[in-house]
Each structure stands twice: as C-alpha cells, then as structure tokens.
>>> print(open('coords08.cif').read())   # mmCIF, C-alpha atoms and all ligand atoms
data_run
#
loop_
_atom_site.label_atom_id
_atom_site.label_comp_id
_atom_site.auth_asym_id
_atom_site.auth_seq_id
_atom_site.Cartn_x
_atom_site.Cartn_y
_atom_site.Cartn_z
CA MET A 19 44.04 145.62 95.97
CA GLU A 20 47.24 144.66 97.78
CA ASN A 21 49.58 142.66 95.57
CA ARG A 22 50.85 139.74 97.63
CA LEU A 23 53.73 137.37 96.95
CA ILE A 24 52.77 133.72 96.62
CA SER A 25 55.29 130.94 97.30
CA VAL A 26 54.54 127.45 96.03
CA ARG A 27 56.36 124.17 95.48
CA ILE A 28 56.07 122.77 91.97
CA SER A 29 56.94 119.36 90.56
CA LYS A 30 56.72 117.72 87.15
CA ASN A 31 53.73 115.48 86.51
CA GLY A 32 54.29 111.95 87.85
CA GLU A 33 57.53 112.86 89.66
CA SER A 34 58.04 112.42 93.39
CA THR A 35 57.24 115.59 95.34
CA THR A 36 60.63 115.25 97.05
CA LYS A 37 61.99 116.78 93.84
CA ALA A 38 59.61 119.78 94.06
CA LYS A 39 61.10 123.22 93.49
CA ALA A 40 60.15 126.42 95.31
CA VAL A 41 58.82 129.32 93.21
CA THR A 42 57.61 132.76 94.27
CA PHE A 43 55.50 135.09 92.13
CA GLN A 44 53.22 138.09 92.48
CA GLN A 45 49.52 137.41 92.88
CA ASN A 46 48.59 139.81 90.06
CA GLU A 47 50.81 137.96 87.53
CA SER A 48 48.94 136.58 84.50
CA LEU A 49 48.41 132.83 84.12
CA ARG A 50 50.50 132.92 80.93
CA ASN A 51 53.47 134.51 82.77
CA ILE A 52 53.25 132.04 85.62
CA LEU A 53 53.24 129.13 83.17
CA ASN A 54 56.36 130.66 81.57
CA ILE A 55 58.05 130.85 84.99
CA PHE A 56 57.09 127.21 85.73
CA SER A 57 58.41 126.20 82.27
CA ASP A 58 61.80 127.79 83.03
CA VAL A 59 62.08 126.24 86.49
CA LEU A 60 61.05 122.69 85.48
CA LYS A 61 62.55 122.79 81.94
CA ILE A 62 59.26 121.70 80.40
CA ASN A 63 56.58 123.35 78.28
CA ALA A 64 54.18 123.98 81.17
CA LYS A 65 50.52 124.09 80.14
CA LEU A 66 48.35 122.83 83.00
CA ILE A 67 48.46 123.26 86.77
CA PHE A 68 46.99 120.75 89.22
CA ASN A 69 46.81 120.74 93.01
CA ALA A 70 48.25 117.79 94.94
CA THR A 71 44.97 115.87 94.74
CA GLY A 72 44.77 116.14 90.95
CA ASP A 73 42.20 118.92 90.55
CA PRO A 74 43.08 121.37 87.76
CA ILE A 75 43.66 125.03 88.62
CA SER A 76 42.72 127.61 85.98
CA ARG A 77 42.74 130.87 87.99
CA ILE A 78 45.64 132.47 89.85
CA GLU A 79 43.25 133.38 92.68
CA ASP A 80 42.85 129.66 93.38
CA ILE A 81 46.58 129.18 94.05
CA LYS A 82 47.33 129.42 97.76
CA ASN A 83 50.54 130.33 99.52
CA ASP A 84 52.69 127.26 100.42
CA GLN A 85 50.65 125.04 98.09
CA GLU A 86 52.12 121.96 96.37
CA LEU A 87 51.42 122.05 92.63
CA VAL A 88 51.87 119.52 89.85
CA ILE A 89 52.64 120.89 86.38
CA THR A 90 51.94 119.07 83.11
CA GLU A 91 52.65 119.74 79.44
CA GLY A 92 48.97 119.35 78.65
CA GLU A 93 48.59 115.70 79.58
CA GLN A 94 46.32 114.47 82.33
CA TYR A 95 47.38 114.39 85.98
CA ALA A 96 49.36 111.30 86.92
CA LEU A 97 49.98 109.99 90.41
CA PRO A 98 53.49 110.73 91.66
CA LYS A 99 55.82 107.72 91.56
CA ALA A 100 55.64 105.91 94.91
CA PRO A 101 58.58 104.06 96.50
CA ILE A 102 58.71 100.50 95.11
CA SER A 103 57.92 98.89 98.47
CA SER A 104 54.80 100.98 99.03
CA LYS A 105 51.47 99.62 97.82
CA SER A 106 49.39 102.40 99.31
CA ASN A 107 48.66 104.03 95.96
CA LYS A 108 46.98 100.92 94.67
CA ASN A 109 44.05 100.93 97.02
CA GLY A 110 44.45 103.31 99.94
CA ASP A 111 45.13 106.52 97.98
CA SER A 112 42.04 108.56 97.29
CA ARG A 113 43.65 110.67 94.54
CA PRO A 114 41.95 110.41 91.16
CA LYS A 115 43.71 108.63 88.32
CA ASN A 116 43.63 110.16 84.83
CA LYS A 117 40.34 111.76 85.63
CA TYR A 118 40.50 114.66 83.21
CA HIS A 119 40.37 114.81 79.44
CA PHE A 120 42.33 117.66 77.90
CA TYR A 121 41.02 119.08 74.63
CA GLN A 122 42.22 122.05 72.58
CA ILE A 123 39.56 123.96 70.68
CA ALA A 124 39.83 126.96 68.32
CA VAL A 125 36.89 129.30 67.68
CA MET A 126 37.37 130.62 64.13
CA GLY A 127 35.56 132.72 61.54
CA PRO A 128 35.46 136.23 60.03
CA ALA A 129 35.63 139.37 62.21
CA GLY A 130 32.54 140.60 64.04
CA VAL A 131 30.50 137.38 63.82
CA GLY A 132 30.48 136.84 67.61
CA LYS A 133 33.40 134.45 68.28
CA SER A 134 34.47 136.27 71.46
CA CYS A 135 30.86 136.59 72.64
CA ILE A 136 30.27 132.85 72.09
CA THR A 137 33.48 131.98 73.98
CA ASN A 138 32.61 134.32 76.87
CA LYS A 139 29.04 133.09 77.06
CA PHE A 140 30.25 129.47 77.24
CA ILE A 141 33.03 130.05 79.78
CA ARG A 142 31.62 132.84 81.95
CA GLY A 143 27.92 132.75 81.15
CA VAL A 144 27.94 136.47 80.27
CA PHE A 145 27.26 138.37 77.05
CA ILE A 146 29.61 141.31 76.55
CA SER A 147 28.14 143.54 73.86
CA GLU A 148 31.09 145.89 73.15
CA TYR A 149 33.08 144.92 70.11
CA ASN A 150 36.84 144.60 70.69
CA ASN A 151 39.29 143.25 68.16
CA THR A 152 40.69 139.97 69.44
CA LEU A 153 44.30 138.98 68.81
CA ALA A 154 44.31 135.34 69.78
CA ASP A 155 43.27 134.62 73.29
CA SER A 156 43.53 131.19 74.89
CA GLN A 157 41.56 130.36 78.02
CA ILE A 158 41.55 127.26 80.19
CA TYR A 159 38.11 126.11 81.31
CA ASN A 160 37.29 123.23 83.65
CA TYR A 161 34.10 121.70 82.38
CA GLU A 162 31.85 118.79 83.23
CA HIS A 163 29.83 116.97 80.56
CA LYS A 164 28.01 113.62 80.77
CA GLY A 165 29.76 112.83 84.07
CA ASN A 166 33.24 113.36 82.62
CA LEU A 167 35.55 116.17 83.64
CA TYR A 168 37.33 118.16 80.94
CA VAL A 169 40.08 120.73 80.87
CA LEU A 170 39.30 122.74 77.74
CA ASP A 171 41.91 125.04 76.25
CA ILE A 172 39.80 127.36 74.09
CA LEU A 173 41.53 129.67 71.61
CA ASP A 174 39.39 132.64 70.58
CA THR A 175 41.02 133.75 67.33
CA ALA A 176 41.15 136.97 65.31
CA GLY A 177 39.01 137.00 62.19
CA GLU A 178 40.56 139.93 60.34
CA GLU A 179 42.26 139.39 56.98
CA ASP A 180 45.56 140.54 58.60
CA PHE A 181 45.67 137.23 60.44
CA ILE A 182 45.16 134.92 57.45
CA ALA A 183 48.74 133.65 57.81
CA LEU A 184 47.97 132.34 61.29
CA ARG A 185 44.95 130.27 60.27
CA THR A 186 47.08 127.30 59.20
CA SER A 187 48.86 127.12 62.55
CA TRP A 188 45.57 127.42 64.46
CA LEU A 189 44.18 124.53 62.39
CA ASN A 190 47.33 122.48 62.93
CA GLN A 191 47.67 123.14 66.64
CA ARG A 192 44.10 122.50 67.74
CA GLN A 193 42.12 119.23 67.88
CA CYS A 194 38.72 120.61 66.88
CA PHE A 195 37.00 123.79 65.74
CA LEU A 196 33.95 125.94 66.19
CA PHE A 197 33.51 127.80 62.86
CA VAL A 198 31.27 130.84 63.20
CA PHE A 199 29.39 133.12 60.79
CA SER A 200 26.60 135.60 61.42
CA VAL A 201 23.15 134.80 59.95
CA GLU A 202 22.49 138.54 59.54
CA LYS A 203 25.51 139.03 57.25
CA LYS A 204 25.76 137.07 54.01
CA GLN A 205 29.34 138.27 53.54
CA SER A 206 30.44 136.49 56.72
CA PHE A 207 28.87 133.26 55.43
CA GLN A 208 30.71 133.60 52.12
CA ASP A 209 34.00 134.48 53.87
CA LEU A 210 33.74 131.43 56.09
CA GLN A 211 34.06 129.18 53.02
CA GLN A 212 37.77 130.15 52.86
CA PHE A 213 38.19 128.71 56.35
CA PHE A 214 36.57 125.45 55.25
CA GLU A 215 38.70 125.34 52.06
CA LEU A 216 41.89 125.68 54.10
CA TYR A 217 40.65 123.08 56.60
CA ILE A 218 39.90 120.53 53.87
CA GLN A 219 43.28 121.22 52.24
CA LEU A 220 45.04 120.41 55.52
CA TYR A 221 42.70 117.63 56.63
CA PRO A 222 41.22 116.02 53.49
CA LYS A 223 39.87 113.13 55.56
CA ARG A 224 38.19 115.61 57.94
CA GLU A 225 40.05 114.04 60.86
CA LYS A 226 39.43 117.01 63.14
CA PRO A 227 35.79 117.65 64.12
CA VAL A 228 34.15 120.95 63.14
CA VAL A 229 30.93 122.44 64.48
CA LEU A 230 29.49 125.24 62.33
CA CYS A 231 27.58 127.97 64.21
CA GLY A 232 25.23 130.41 62.51
CA ASN A 233 25.22 133.12 65.22
CA LYS A 234 22.95 136.09 66.05
CA ILE A 235 19.67 134.29 65.36
CA ASP A 236 18.04 136.61 67.91
CA LEU A 237 18.14 139.41 65.30
CA GLU A 238 15.13 139.93 63.04
CA LYS A 239 17.27 140.75 60.02
CA ARG A 240 18.50 137.58 58.40
CA GLU A 241 20.53 137.12 55.20
CA VAL A 242 21.45 133.44 55.54
CA THR A 243 18.77 130.76 55.89
CA GLN A 244 18.96 127.74 58.15
CA LYS A 245 18.96 125.52 55.04
CA GLU A 246 22.03 127.32 53.62
CA GLY A 247 23.83 126.84 56.93
CA GLN A 248 22.97 123.15 57.03
CA GLU A 249 24.10 122.66 53.44
CA LEU A 250 27.47 124.29 54.06
CA ALA A 251 28.01 122.10 57.13
CA GLN A 252 27.02 118.99 55.20
CA LYS A 253 29.40 119.82 52.34
CA TYR A 254 32.37 119.74 54.74
CA GLY A 255 31.19 117.04 57.17
CA ALA A 256 30.51 119.50 59.97
CA ILE A 257 27.62 119.62 62.47
CA TYR A 258 25.37 122.69 62.20
CA PHE A 259 23.88 124.74 65.03
CA GLU A 260 21.88 127.96 64.89
CA VAL A 261 23.02 129.93 67.94
CA SER A 262 22.71 133.21 69.79
CA ALA A 263 25.52 134.30 72.09
CA LYS A 264 23.25 137.11 73.26
CA GLU A 265 20.50 134.78 74.44
CA GLY A 266 22.76 131.83 75.22
CA PHE A 267 20.83 129.71 72.74
CA ASN A 268 22.60 126.47 71.66
CA ILE A 269 26.01 127.70 72.86
CA THR A 270 26.63 124.88 75.33
CA ASP A 271 25.14 122.35 72.89
CA SER A 272 27.65 123.41 70.20
CA PHE A 273 30.64 122.83 72.50
CA ASN A 274 29.10 119.58 73.78
CA ALA A 275 28.76 118.34 70.19
CA LEU A 276 32.47 118.99 69.63
CA ILE A 277 33.41 117.12 72.80
CA ASP A 278 31.14 114.19 71.84
CA CYS A 279 32.86 113.97 68.42
CA LEU A 280 36.29 113.90 70.05
CA GLU A 281 35.16 111.26 72.55
CA LYS A 282 33.82 109.09 69.72
CA LYS A 283 37.08 109.42 67.80
CA THR A 284 39.13 108.48 70.89
CA GLU A 285 36.87 105.45 71.47
CA VAL A 286 37.28 104.25 67.86
CA LYS A 287 41.06 104.79 68.05
CA ASN A 288 41.29 102.77 71.27
CA GLN A 289 39.15 99.98 69.80
CA ASN A 290 41.35 99.84 66.68
CA LYS A 291 44.48 99.83 68.84
CA SER A 292 43.33 96.90 70.95
CA GLN A 293 42.19 95.03 67.82
CA ILE A 294 45.57 95.59 66.13
CA SER A 295 47.54 94.59 69.21
CA GLN A 296 45.51 91.35 69.48
CA GLU A 297 46.13 90.60 65.80
CA GLU A 298 49.85 91.41 66.21
CA ARG A 299 50.16 89.04 69.13
CA GLY A 300 48.42 86.29 67.19
CA PRO A 301 45.82 83.67 68.06
CA LEU A 302 47.79 82.34 71.06
CA PHE A 303 47.49 85.74 72.76
CA SER A 304 43.73 85.77 72.17
CA ILE A 305 43.38 82.29 73.73
CA CYS A 306 45.55 83.32 76.71
CA SER A 307 43.62 86.53 77.27
CA PHE A 308 40.37 84.56 77.07
CA PHE A 309 41.61 82.19 79.79
CA ASN A 310 42.91 85.10 81.87
CA ARG A 311 39.54 86.75 81.75
CA PHE A 312 37.74 83.46 82.38
CA CYS A 313 39.95 82.56 85.35
CA SER A 314 40.04 85.97 87.07
N1 LIG A 401 22.41 140.50 68.50
C1 LIG A 401 23.51 139.80 68.70
N2 LIG A 401 24.70 140.42 68.66
C2 LIG A 401 25.81 139.67 68.87
C3 LIG A 401 25.74 138.28 69.14
N3 LIG A 401 27.01 137.82 69.29
C4 LIG A 401 27.82 138.88 69.13
N4 LIG A 401 27.11 140.00 68.89
C5 LIG A 401 27.65 141.34 68.65
O1 LIG A 401 28.51 141.29 67.53
C6 LIG A 401 29.64 142.12 67.73
C7 LIG A 401 30.91 141.34 67.52
O2 LIG A 401 31.03 140.33 68.52
P1 LIG A 401 32.45 139.68 68.85
O3 LIG A 401 32.19 138.52 69.74
O4 LIG A 401 33.41 140.69 69.37
O5 LIG A 401 32.90 139.19 67.40
P2 LIG A 401 34.27 138.46 66.93
O6 LIG A 401 35.05 139.48 66.18
O7 LIG A 401 33.83 137.36 66.05
O8 LIG A 401 34.96 137.99 68.16
C8 LIG A 401 29.52 142.72 69.13
O9 LIG A 401 29.06 144.04 69.03
C9 LIG A 401 28.51 141.85 69.82
O10 LIG A 401 27.74 142.58 70.72
C10 LIG A 401 24.45 137.66 69.18
O11 LIG A 401 24.26 136.46 69.38
N5 LIG A 401 23.37 138.47 68.93
MG MG A 402 36.82 138.54 68.90
#
>>> encode(input="coords08.cif", output="structure tokens", more="lines below")
Ligand SMILES: Nc1nc2c(ncn2[C@@H]2O[C@H](COP(=O)(O)OP(=O)(O)O)[C@@H](O)[C@H]2O)c(=O)[nH]1
Ligand SMILES: [Mg+2]
Amino acid sequence: MENRLISVRISKNGESTTKAKAVTFQQNESLRNILNIFSDVLKINAKLIFNATGDPISRIEDIKNDQELVITEGEQYALPKAPISSKSNKNGDSRPKNKYHFYQIAVMGPAGVGKSCITNKFIRGVFISEYNNTLADSQIYNYEHKGNLYVLDILDTAGEEDFIALRTSWLNQRQCFLFVFSVEKKQSFQDLQQFFELYIQLYPKREKPVVLCGNKIDLEKREVTQKEGQELAQKYGAIYFEVSAKEGFNITDSFNALIDCLEKKTEVKNQNKSQISQEERGPLFSICSFFNRFCS
C-alpha cells in the first residue's frame, strides 16, 4: 500500500483554533508515535485525539489530510474558547459538550489465561487462537453503553513472572481492573491470589473496582469450580463472571460491570462534593439556592 503523508492542524483542548499548529506525518505511523509527535509540538502529554466536532479518533486511518484536530491529555473534549462578545456557543453551536467519559482499564492475571483473547474479543469481536507473549499493550476503544459514550484505554498486560515489578505501576496508573484466571488450570487461580494481595496492599479500601473473570468455560476440563471463583471475588470485594473469550460469553458484560462500578463511584463522589460545598457555604447558601431554584 502506498504510504502517504498526512498534514493536519492540531490545537490543545479548549484553546482557540487560531493557535493551531501544522504537523505532517506518514500514514503508516503508529498511533503511539503520532501521540509522541503531538506531545512534542504542543508541549503536553498527548493521550486522546478528537476531530473538530468533538468525536474521538482512535485509528490513524480515520485522520484525513488537512483535518483540524483537538488533542487532550486524557480529559474529555472541551469547546474551544470563543471570543468574549460571541454568544454563539451557548445555543447555536451543535458541538457536544463533555460528551465522553474517559476510563483507563488494565487486564491482569497470570500468563496464558486468555487476557489478550478477552481484550481482542471485546474490542474487535474476534477470537485469535494463537498464543503470543504480550508485553503491555494499550488500546483506545470508543464504546457506547447505556446511552453514554466512553473512550476506554485498555491495557492488556503481561502475566509472566518477569513482569512482577510492573504490576504495582499498572495498579497505580489504572482506574479499574479485569483480573483473569483460567477455570481449566488451578495453578492460574492460585497465582491470581498474588495479584489480589498486591491490590489490597495498595488499595486497602478497595477504591478501584475489580471484576474477576474465570475464563475458558467452553472447555470440558475444569479444575476450578464456579463456587471457588465466587468466593475469591467475594473475599476481595470483586464482581465475578464466568467467561469464554472463544465463544464471546460474558465478555461484554464483564467490561460493562466495570464501567457501571466506575459510574456509581463518580456519582457518589459528585453527590458528596455538592453536599460538602453546601455545608461549607452554610445555611444562607442553602436558602439562597432554594430561592434561586424556586424563582427560575
Ligand atoms: N478454549 C479456550 N481457549 C482460550 C480462551 N481464551 C484464550 N484461549 C487460549 O489460551 C491461550 C492463551 O491466550 P492469551 O489470550 O494469549 O493469554 P494471555 O497470556 O493471558 O494474554 C491461547 O492459545 C488462546 O487460544 C477461551 O475462552 N477458550
Ligand atoms: Mg497476552
């Protein structure tokens, strides 16, 4: 395939497009490399790319020559600052406001349990049966669930013992986790306990949601029962799913459960915040806000 040069204009999230900078790159460049180029040009830690109407872009093929792009450090798309006199953004502008939720997920567990297959099945809908060692592969996936749009940054991690040192940083960097073992291999179930032990050491209040997946339930051979899986999940406050990456069974439901947990946590946090800010402002504020609401 012919390797074309693509020229785009990029600006920082929320900044006027008059400050946009021109960048040219080769079409066959990886998304990672392009984000590095954008980081250098804008002097930010570029993580997400949006088009000018606020839709996220996760594939290089979707970037067109001469396109205007907005780059963020992982936060949601914000409307560019309009001139002070202009009110057009208030009503007339059809661009979406803070439409997308950005969540970072890590898929973790011992080697060979099906982490890469689960990730591929969820993102691409395909089951790839060859076994390849994974280093640590992060993929951006635009996903819709319960009418909300999500940009999911899914890190498919390496399970081998050689990567034990990295587990702490994966747990620290990500907001939630899919822990995976294989129901046909008792050893993988036992090894997964180390992941939970490290998790509980770092997050004793279990602040970050975990979904536990017992994978390969399509196989006849089984060394771990459903009850054992449920008990392990219960011990660490996780949600348990029996899944099969091969048959696509419960894969989407497992990721949906993680998203639902994060949504619930965000809701509680926002409720607490508004409660605290009302208390901080005292009873007068509450009376004023009551009248404001009543009068508007
Ligand atoms: N039967 C069956 N095999 C699976 C399933 N998921 C993964 N595998 C196989 O298990 C092996 C390891 O899968 P992989 O996703 O690479 O494991 P990872 O090391 O945890 O990423 C591969 O040979 C897959 O074909 C499943 O749900 N059912
Ligand atoms: Mg893998």
>>> atom_distance(input="coords08.cif", atom1="atom CA of Phe56 of chain A", atom2="atom CA of Ala183 of chain A")
29.8 Å
>>> residues_around(input="coords08.cif", residues="segment 260-277 of chain A", least_positions_apart="2", cutoff="6 Å", atoms="only C-alpha atoms", output="list in words")
Cys135, Ile136, Phe145, Cys231, Gly232, Asn233, Lys234, Ile235, Cys279 and Leu280 of chain A
>>> write_last_selection(input="coords08.cif", atoms="C-alpha atoms", output="PDB file, keeping the file's coordinate frame")
ATOM      1  CA  CYS A 135      30.860 136.590  72.640  1.00  0.00           C
ATOM      2  CA  ILE A 136      30.270 132.850  72.090  1.00  0.00           C
ATOM      3  CA  PHE A 145      27.260 138.370  77.050  1.00  0.00           C
ATOM      4  CA  CYS A 231      27.580 127.970  64.210  1.00  0.00           C
ATOM      5  CA  GLY A 232      25.230 130.410  62.510  1.00  0.00           C
ATOM      6  CA  ASN A 233      25.220 133.120  65.220  1.00  0.00           C
ATOM      7  CA  LYS A 234      22.950 136.090  66.050  1.00  0.00           C
ATOM      8  CA  ILE A 235      19.670 134.290  65.360  1.00  0.00           C
ATOM      9  CA  CYS A 279      32.860 113.970  68.420  1.00  0.00           C
ATOM     10  CA  LEU A 280      36.290 113.900  70.050  1.00  0.00           C
TER      11      LEU A 280
END
>>> atom_distance(input="coords08.cif", atom1="atom CA of Gln122 of chain A", atom2="atom CA of Asn46 of chain A")
25.7 Å
>>> atom_distance(input="coords08.cif", atom1="atom CA of Thr42 of chain A", atom2="atom CA of Lys82 of chain A")
11.4 Å
>>> closest_residue(input="coords08.cif", among="A:Leu230, A:Ile172, A:Leu237, A:Val131", to="ligand MG 402 (chain A)", atoms="only C-alpha atoms and all ligand atoms")
A:Val131
>>> closest_residue(input="coords08.cif", among="A:Glu281, A:Glu148, A:Asp155, A:Glu162", to="Ala176 of chain A", atoms="all atoms listed in the file")
A:Asp155
>>> residues_around(input="coords08.cif", residues="Phe207 of chain A", least_positions_apart="5", cutoff="9 Å", atoms="all atoms listed in the file", output="list in words")
Pro128, Val198, Phe199, Ser200, Val201, Gly232, Val242 and Gly247 of chain A
>>> write_last_selection(input="coords08.cif", atoms="C-alpha atoms", output="mmCIF file, keeping the file's coordinate frame")
data_model
loop_
_atom_site.group_PDB
_atom_site.id
_atom_site.type_symbol
_atom_site.label_atom_id
_atom_site.label_comp_id
_atom_site.auth_asym_id
_atom_site.auth_seq_id
_atom_site.Cartn_x
_atom_site.Cartn_y
_atom_site.Cartn_z
ATOM 1 C CA PRO A 128 35.460 136.230 60.030
ATOM 2 C CA VAL A 198 31.270 130.840 63.200
ATOM 3 C CA PHE A 199 29.390 133.120 60.790
ATOM 4 C CA SER A 200 26.600 135.600 61.420
ATOM 5 C CA VAL A 201 23.150 134.800 59.950
ATOM 6 C CA GLY A 232 25.230 130.410 62.510
ATOM 7 C CA VAL A 242 21.450 133.440 55.540
ATOM 8 C CA GLY A 247 23.830 126.840 56.930
#
>>> residues_near_ligand(input="coords08.cif", ligand="ligand MG 402 (chain A)", cutoff="10 Å", atoms="all atoms listed in the file", output="NGL selection string")
:A and (125-138 or 149-155 or 174-178)
>>> residues_around(input="coords08.cif", residues="Val228 of chain A", least_positions_apart="2", cutoff="10 Å", atoms="only C-alpha atoms", output="number ranges by chain")
A: 123-125, 193-197, 214, 217, 224-226, 230-231, 251, 254-258, 272, 275-276, 279
>>> closest_residue(input="coords08.cif", among="A:Lys37, A:Lys239, A:Arg27, A:His163", to="ligand LIG 401 (chain A)", atoms="all atoms listed in the file")
A:Lys239
>>> residues_near_point(input="coords08.cif", point="(51.8, 131.8, 95.7)", cutoff="9 Å", atoms="only C-alpha atoms", output="number ranges by chain")
A: 22-27, 41-45, 78, 81-85
>>> closest_residue(input="coords08.cif", among="A:Glu47, A:Glu202, A:Glu179, A:Asp73", to="Asn160 of chain A", atoms="all atoms listed in the file")
A:Asp73
